[in-house]
Every structure is written in C-alpha cells, then in structure tokens.
Amino acid sequence: MSEISAEREAGAAEIDRLLERVKEGDREAFVTITKLYQRKVFVLVYSILRDREDALDVVQETFLRLHQKAGLYRPGSPFQGWLLQMAKNISIDHYRKHRKKRLEWETAKPLEEIPLAAGPSREGDSAAADLRQAFARSVEALAERQKMVFVMRHYSELQFNEISEAMKISIGTAKSLHFKAVQNLRKRLAPVLGIEP
Amino acid sequence: MDKHKDMPPERRAEPDAIERLLRETEAVRSEIREAAASVDWDALSGLIADRAMAADRERRRAGAAPRRAAWLAALRMRPVLAGLAAGLVLGAAVMYFVLRAPGGGAGRDEGYHASGEFLDRAELEMARRNAVDYLEKSQYMLREVFESPDEGPAAPAALRSERARSLLQKKRYLNSQLERFQMAKAKAICDQIEMLFRELAQIDDDLPAAELGRIRDYIEERQLLLKINLVKKELQSGV
C-alpha cells in the first residue's frame with residue numbers, strides 16, 4: 001500500500017482506532033500512523049529548518065512525542081493539524097536552539113551588497129544564487145507567524161484549512177498572514193528583483 | 001502567467017519579479033522533494049517505533065522506580081523503626097524499675113529527703129509528747145504520793161512500785177530522744193525524777209512517815225512539781 005493511498009483510506013475514524021491501539025502499546029498501529037504522516041511531517045520540518053539531518057531528527061522527535069502524548073488526543077479532532085502543530089513547535093524550538101550556529105555558518109554578506117536584479121549581462125548561475133540567498137534570508141526575516149504560513153503554503157503545499165488547523169488560527173487569519181508575508185517579501189526583495197519597493 | 005510577456009517592459013517588471021519569487025519557492029520545493037527522496041521511509045518508521053517503545057519502557061521503569069524506592073526506603077527503615085520502638089519500650093521499663101526500686105533514681109532521693117525532714121519533725125514531736133507524757137505521769141505519781149501526807153499514800157505500795165518501774169522503763173526509752181533533740185531542761189528534770197522513782201521502785205512496802213517526809217522535802221526543795229509544769233509548758237508550746 002502506498003503512503004498516499006494509505007493516507008486517503010485512513011479516515012478520521014481509522015486514525016482514532018489506531019491511536020487507541022497506540023495508547024495500548026500496539027507497535028504496529030504506531031508504525032502505521034508513522035508511515036501515513038512521516039513524509040508530510042518531514043516536508044513541513046524541512047521547510048522550516050532547511051536541513052535534511054535536522055529535519056530527520058525533528059521528525060523522529062515529533063513521532064516520539066506523539067507516542068508519548070497519544071492519550072491527549074481528542075477523538076474526532078483534526079489529527080493532522082494536531083500532529084503538524086506538534087512538528088512546527090518542535091521545529092521552532094530546534095531552530096531557536098541552533099540559530100546561533102546557523103548564523104555563524106551563513107554568510108555575513110549584507111542584503112544590500114547582493115547584486116541587484118539579474119540583468120541580461122549577468123550569467124545566470126551567480127544571479128540565481130544571489131537571489132536564492134536573498135530570498136532565503138528574507139523569508140527568515142519575516143515575522144514568525146507570517147513565515148510559518150508562507151512556508152506551509154508554498155513549501156509544504158498545505159491548504160489554508162490545513163494551515164489553520166496546524167497553527168490553531170482561522171482560515172481568514174491564515175490568508176491574511178500569507179498576504180502580509182508576500183507583501184513583506186516583495187518589499188525586501190525589491191532591490192534584488194529590480195522593482196519599486 | 002505568460003500574459004505579462006506581452007506587456008511593455010516598464011509594466012512587465014512586477015509580474016517578472018513575482019514569477020521569480022515563485023520560481024524560488026518552486027526551487028525550495030524541489031530541494032525538499034530531493035531531500036525526501038533520499039530518506040528510507042520504511043527504515044525511518046521502524047526506527048521511530050523502536051525508539052518510542054524503548055522510551056515507553058524507560059518511562060515505565062522511571063515511574064516504577066520511585067515506588068520501588070519508596071518500598072525499599074520503607075524496608076530499610078523497618079529495622080530503624082523496630083529499634084526505635086524497642087528502645088522506647090526498654091527505656092520505659094528501665095525507668096519504671098529504677099523509679100520503683102528503693103533508693104533508686106534522683107527523684108527518689110528528693111522524695112526521701114523530704115520524708116526525712118518530715119520524719120525528723122515527727123520524731124521531735126513524738127519526743128516532746130513522750131516527754132510531756134512522762135512528766136505528766138511523773139507529776140501525777142508525785143502528787144499522789146506526796147500531796148496528802150496526812151492521809152498517807154493514796155495508792156498501795158505494790159502498785160506505786162509498779163508504776164515507778166514502768167516510768168523508769170519509759171525513762172530509758174525517753175533518754176535517747178531527749179539527748180538526740182537536745183532537750184536539756186526536760187532531761188535534767190526527768191533525771192531528778194528518775195532518782196526518786198528508783199527509790200520508790202525498790203520499796204514494795206508502805207513507806208514510813210519519816211521516809212515520806214524526806215522525799216517530800218526533796219521534791220519541795222528542788223521545786224520539782226513547779227519545774228515539771230514549766231518544762232511541760234515549754235514542750236507543749238514547742239519552744
């Protein structure tokens with residue numbers, strides 16, 4: 001059974017039953033739930049951390065915490081939102097713990113020194129690398145909730161309803177935060193993109 | 001998305017910028033897909049499950065540890081508690097027997113001291129009363145013998161002699177008390193009376209008138225009856 005088909009077939013009731021078995025110590029039920037959601041969790045965590053090994057650590061930590069706190073899950077409530085919220089929180093904790101180390105690794109080159117819009121005279125690789133670096137740093141610079149909505153929407157490709165569940169906010173708030181995130185990115189990247197701020 | 005390519009260059013900048021932004025997000029998504037493709041998901045889920053089960057066992061052991069520790073602490077404390085209880089019982093028993101034994105314990109000494117003082121006072125009081133009693137009986141006997149010289153002794157000679165011997169015995173018993181409590185006046189008068197009683201005790205027959213006269217003179221000369229009254233009053237007043 002593929003992960004996608006398994007996810008489709010496992011409805012909310014099936015998840016509730018699996019979680020009940022997990023609470024009773026059923027290893028196979030836990031493996032089933034892990035297989036159903038581990039990829040989705042990885043995508044979200046990688047979107048936030050942008051590091052494969054860190055992402056794998058956080059994925060493991062997320063499912064370990066799920067196993068430990070399975071008794072806290074309320075049957076009938078959106079399980080995926082609960083799980084992704086857990087993953088997001090662990091990712092943010094992990095990111096904060098390792099932020100200093102990451103900053104040391106990152107280039108100290110200020111945004112203003114990055115060449116402006118990739119003009120026709122410039123070779124594509126260098127311009128693309130500069131834009132990518134500027135883009136990554138601009139996303140990093142977003143307010144936390146805007147950043148999370150933007151990452152979930154564009155990197156993890158979650159729908160707004162899924163984002164609202166994972167962040168415990170309304171769909172309208174999720175859309176509003178996404179709009180502000182895009183506006184701020186555009187504003188910050190205007191010099192790089194060659195547009196008016 | 002391609003509509004903006006037909007726009008004039010000055011109006012094309014904004015859509016181009018958005019397109020480049022979207023390309024960047026697509027690049028990140030591509031990066032994520034590559035990273036996800038390199039993961040062995042079956043192995044990862046198994047690894048996570050193994051770690052979860054191990055952590056669960058560890059939590060249960062950690063949860064059981066305090067309970068075990070409490071039991072072990074209780075078991076370790078049992079000899080201590082038993083020793084403490086035994087000590088209390090033993091201590092109570094020792095205190096009981098020590099306090100109960102004659103002459104044992106400091107508290108007992110204090111009680112004995114108080115009792116000694118009381119006994120001293122009691123013995124002194126007894127000595128006074130015995131002395132007063134002796135003097136009264138002596139006074140009565142002397143009066144009986146000598147207050148009616150014209151009518152002769154009121155009591156038969158044998159009875160008089162018997163009373164005299166009885167008073168002499170009491171005097172022997174009284175002597176230690178008088179000396180112990182230093183009742184010098186009482187002892188002096190009692191000694192003088194004793195001499196008379198020795199004579200009377202030895203005389204079983206009726207005394208001749210001359211002999212009675214001589215004894216009367218002796219009593220009057222030494223003012224024995226007066227002295228007896230004075231000493232009695234002193235003893236009775238406790239001076």
# chains A, B, ... in the order shown; residues from 1 in each chain; ligands from 1

call {"tool": "interface_residues", "arguments": {"of": "chain B", "to": "chain A", "cutoff": "10 Å", "atoms": "only C-alpha atoms", "output": "PyMOL selection string"}}
result
chain B and resi 10+12-18+20-39+41-42+44-53+55-56+59

call {"tool": "write_last_selection", "arguments": {"atoms": "N, CA and C atoms", "output": "short mmCIF file (atom, residue, chain, number, x, y, z; two decimals), in the first residue's frame"}}
result
data_model
loop_
_atom_site.label_atom_id
_atom_site.label_comp_id
_atom_site.auth_asym_id
_atom_site.auth_seq_id
_atom_site.Cartn_x
_atom_site.Cartn_y
_atom_site.Cartn_z
N GLU B 10 8.24 48.43 -18.94
CA GLU B 10 8.09 49.13 -17.66
C GLU B 10 6.97 48.54 -16.81
N ARG B 12 6.20 45.28 -17.11
CA ARG B 12 6.47 43.86 -17.00
C ARG B 12 7.32 43.51 -15.77
N ALA B 13 7.91 44.49 -15.18
CA ALA B 13 8.85 44.24 -14.09
C ALA B 13 8.18 43.54 -12.90
N GLU B 14 7.00 44.02 -12.54
CA GLU B 14 6.33 43.46 -11.35
C GLU B 14 5.96 41.99 -11.55
N PRO B 15 5.29 41.67 -12.67
CA PRO B 15 4.98 40.24 -12.86
C PRO B 15 6.23 39.38 -12.98
N ASP B 16 7.27 39.93 -13.56
CA ASP B 16 8.50 39.16 -13.65
C ASP B 16 9.06 38.86 -12.27
N ALA B 17 8.98 39.89 -11.42
CA ALA B 17 9.50 39.72 -10.06
C ALA B 17 8.73 38.64 -9.31
N ILE B 18 7.40 38.68 -9.46
CA ILE B 18 6.58 37.67 -8.79
C ILE B 18 6.90 36.28 -9.33
N ARG B 20 9.69 35.30 -10.53
CA ARG B 20 10.99 34.85 -9.99
C ARG B 20 10.84 34.42 -8.54
N LEU B 21 9.97 35.12 -7.84
CA LEU B 21 9.72 34.70 -6.44
C LEU B 21 9.13 33.30 -6.41
N LEU B 22 8.15 33.09 -7.28
CA LEU B 22 7.51 31.78 -7.31
C LEU B 22 8.50 30.69 -7.73
N ARG B 23 9.42 31.10 -8.62
CA ARG B 23 10.43 30.12 -9.02
C ARG B 23 11.30 29.74 -7.83
N GLU B 24 11.50 30.74 -6.98
CA GLU B 24 12.31 30.45 -5.78
C GLU B 24 11.58 29.48 -4.86
N THR B 25 10.28 29.67 -4.70
CA THR B 25 9.54 28.74 -3.86
C THR B 25 9.52 27.36 -4.49
N GLU B 26 9.43 27.34 -5.81
CA GLU B 26 9.47 26.05 -6.50
C GLU B 26 10.84 25.40 -6.33
N ALA B 27 11.87 26.23 -6.28
CA ALA B 27 13.21 25.69 -6.08
C ALA B 27 13.33 25.05 -4.69
N VAL B 28 12.73 25.71 -3.73
CA VAL B 28 12.76 25.14 -2.38
C VAL B 28 11.97 23.85 -2.34
N ARG B 29 10.82 23.85 -2.99
CA ARG B 29 10.02 22.62 -3.01
C ARG B 29 10.79 21.49 -3.68
N SER B 30 11.50 21.84 -4.71
CA SER B 30 12.31 20.83 -5.40
C SER B 30 13.40 20.30 -4.47
N GLU B 31 13.97 21.23 -3.74
CA GLU B 31 15.01 20.84 -2.75
C GLU B 31 14.42 19.89 -1.73
N ILE B 32 13.19 20.21 -1.28
CA ILE B 32 12.53 19.36 -0.27
C ILE B 32 12.26 17.97 -0.85
N ARG B 33 11.80 17.95 -2.08
CA ARG B 33 11.50 16.66 -2.70
C ARG B 33 12.76 15.80 -2.84
N GLU B 34 13.83 16.47 -3.18
CA GLU B 34 15.10 15.72 -3.29
C GLU B 34 15.51 15.16 -1.94
N ALA B 35 15.37 15.98 -0.92
CA ALA B 35 15.74 15.52 0.43
C ALA B 35 14.84 14.37 0.86
N ALA B 36 13.55 14.50 0.57
CA ALA B 36 12.61 13.45 0.97
C ALA B 36 12.88 12.15 0.21
N ALA B 37 13.29 12.30 -1.05
CA ALA B 37 13.54 11.11 -1.86
C ALA B 37 14.74 10.32 -1.35
N SER B 38 15.61 10.99 -0.62
CA SER B 38 16.82 10.31 -0.14
C SER B 38 16.59 9.58 1.19
N VAL B 39 15.37 9.70 1.71
CA VAL B 39 15.08 9.10 3.01
C VAL B 39 14.50 7.71 2.83
N TRP B 41 12.05 5.62 4.10
CA TRP B 41 10.90 5.84 4.99
C TRP B 41 10.52 4.60 5.78
N ASP B 42 10.66 3.44 5.19
CA ASP B 42 10.33 2.21 5.93
C ASP B 42 11.27 2.03 7.12
N LEU B 44 12.92 4.43 8.54
CA LEU B 44 12.70 5.51 9.50
C LEU B 44 11.52 5.20 10.41
N SER B 45 10.42 4.71 9.83
CA SER B 45 9.25 4.41 10.67
C SER B 45 9.57 3.30 11.67
N GLY B 46 10.34 2.31 11.23
CA GLY B 46 10.74 1.24 12.14
C GLY B 46 11.64 1.76 13.26
N LEU B 47 12.58 2.63 12.86
CA LEU B 47 13.48 3.21 13.85
C LEU B 47 12.71 4.03 14.89
N ILE B 48 11.75 4.83 14.38
CA ILE B 48 10.95 5.66 15.30
C ILE B 48 10.14 4.77 16.25
N ALA B 49 9.56 3.70 15.69
CA ALA B 49 8.76 2.80 16.53
C ALA B 49 9.63 2.15 17.60
N ASP B 50 10.83 1.72 17.21
CA ASP B 50 11.73 1.11 18.19
C ASP B 50 12.09 2.10 19.30
N ARG B 51 12.39 3.31 18.90
CA ARG B 51 12.75 4.33 19.89
C ARG B 51 11.56 4.65 20.81
N ALA B 52 10.36 4.69 20.21
CA ALA B 52 9.17 5.00 21.00
C ALA B 52 8.91 3.91 22.04
N MET B 53 9.05 2.65 21.61
CA MET B 53 8.83 1.53 22.54
C MET B 53 9.88 1.55 23.66
N ALA B 55 11.52 4.16 24.73
CA ALA B 55 11.25 5.31 25.61
C ALA B 55 10.08 5.00 26.53
N ASP B 56 9.09 4.27 26.00
CA ASP B 56 7.93 3.90 26.82
C ASP B 56 8.36 3.00 27.97
N ARG B 59 10.12 5.05 30.51
CA ARG B 59 9.20 5.84 31.33
C ARG B 59 8.54 4.98 32.40
#

call {"tool": "atom_distance", "arguments": {"atom1": "atom CA of A:Arg96", "atom2": "atom CA of A:Leu49"}}
result
10.2 Å

call {"tool": "closest_residue", "arguments": {"among": "A:Val149, A:Val58, A:Leu83, A:Ile90", "to": "A:Ser176", "atoms": "only C-alpha atoms"}}
result
A:Val149

call {"tool": "residues_around", "arguments": {"residues": "A:Trp82", "least_positions_apart": "2", "cutoff": "9 Å", "atoms": "only C-alpha atoms", "output": "PyMOL selection string"}}
result
chain A and resi 73+77-80+84-87+165-168

call {"tool": "write_last_selection", "arguments": {"atoms": "N, CA and C atoms", "output": "mmCIF file, in the first residue's frame"}}
result
data_model
loop_
_atom_site.group_PDB
_atom_site.id
_atom_site.type_symbol
_atom_site.label_atom_id
_atom_site.label_comp_id
_atom_site.auth_asym_id
_atom_site.auth_seq_id
_atom_site.Cartn_x
_atom_site.Cartn_y
_atom_site.Cartn_z
ATOM 1 N N TYR A 73 -4.776 13.142 22.762
ATOM 2 C CA TYR A 73 -5.529 13.424 21.536
ATOM 3 C C TYR A 73 -7.021 13.215 21.792
ATOM 4 N N SER A 77 -11.154 15.204 16.628
ATOM 5 C CA SER A 77 -10.491 16.466 16.275
ATOM 6 C C SER A 77 -9.477 16.204 15.157
ATOM 7 N N PRO A 78 -9.134 17.242 14.382
ATOM 8 C CA PRO A 78 -8.226 17.028 13.240
ATOM 9 C C PRO A 78 -6.848 16.544 13.688
ATOM 10 N N PHE A 79 -6.583 15.278 13.399
ATOM 11 C CA PHE A 79 -5.327 14.684 13.850
ATOM 12 C C PHE A 79 -4.129 15.296 13.130
ATOM 13 N N GLN A 80 -4.275 15.491 11.811
ATOM 14 C CA GLN A 80 -3.130 16.012 11.059
ATOM 15 C C GLN A 80 -2.727 17.407 11.570
ATOM 16 N N LEU A 84 0.879 18.240 12.978
ATOM 17 C CA LEU A 84 1.723 19.261 12.340
ATOM 18 C C LEU A 84 2.012 20.418 13.300
ATOM 19 N N GLN A 85 1.055 20.702 14.141
ATOM 20 C CA GLN A 85 1.316 21.738 15.150
ATOM 21 C C GLN A 85 2.466 21.307 16.073
ATOM 22 N N MET A 86 2.422 20.030 16.449
ATOM 23 C CA MET A 86 3.497 19.493 17.286
ATOM 24 C C MET A 86 4.838 19.592 16.554
ATOM 25 N N ALA A 87 4.810 19.196 15.280
ATOM 26 C CA ALA A 87 6.043 19.241 14.476
ATOM 27 C C ALA A 87 6.539 20.682 14.325
ATOM 28 N N GLU A 165 -5.539 24.670 10.889
ATOM 29 C CA GLU A 165 -5.558 23.618 11.911
ATOM 30 C C GLU A 165 -4.191 23.479 12.591
ATOM 31 N N ALA A 166 -3.148 23.514 11.767
ATOM 32 C CA ALA A 166 -1.804 23.328 12.330
ATOM 33 C C ALA A 166 -1.381 24.505 13.199
ATOM 34 N N MET A 167 -1.886 25.692 12.877
ATOM 35 C CA MET A 167 -1.480 26.878 13.637
ATOM 36 C C MET A 167 -2.533 27.323 14.633
ATOM 37 N N LYS A 168 -3.650 26.607 14.644
ATOM 38 C CA LYS A 168 -4.756 26.947 15.554
ATOM 39 C C LYS A 168 -5.208 28.386 15.332
#

call {"tool": "closest_atom_pairs", "arguments": {"of": "stretch 133-187 of chain B", "to": "stretch 119-123 of chain B", "cutoff": "10 Å", "atoms": "only C-alpha atoms", "output": "CSV"}}
result
residue,atom,partner,partner_atom,distance
B:Gln177,CA,B:Glu123,CA,8.3
B:Arg180,CA,B:Glu123,CA,9.9
B:Phe181,CA,B:Glu123,CA,9.0

call {"tool": "write_last_selection", "arguments": {"atoms": "C-alpha atoms", "output": "mmCIF file, in the first residue's frame"}}
result
data_model
loop_
_atom_site.group_PDB
_atom_site.id
_atom_site.type_symbol
_atom_site.label_atom_id
_atom_site.label_comp_id
_atom_site.auth_asym_id
_atom_site.auth_seq_id
_atom_site.Cartn_x
_atom_site.Cartn_y
_atom_site.Cartn_z
ATOM 1 C CA GLN B 177 15.082 11.073 122.424
ATOM 2 C CA ARG B 180 19.000 13.413 120.324
ATOM 3 C CA PHE B 181 16.843 16.529 120.274
#

call {"tool": "closest_residue", "arguments": {"among": "B:Arg143, B:Lys233, B:Arg57, B:Lys227", "to": "B:Arg128", "atoms": "only C-alpha atoms"}}
result
B:Lys233

call {"tool": "closest_residue", "arguments": {"among": "B:Leu124, B:Val132, B:Ala209, B:Leu88", "to": "B:Cys190", "atoms": "only C-alpha atoms"}}
result
B:Val132

call {"tool": "atom_distance", "arguments": {"atom1": "atom CA of B:Ala201", "atom2": "atom CA of B:Glu136"}}
result
18.0 Å
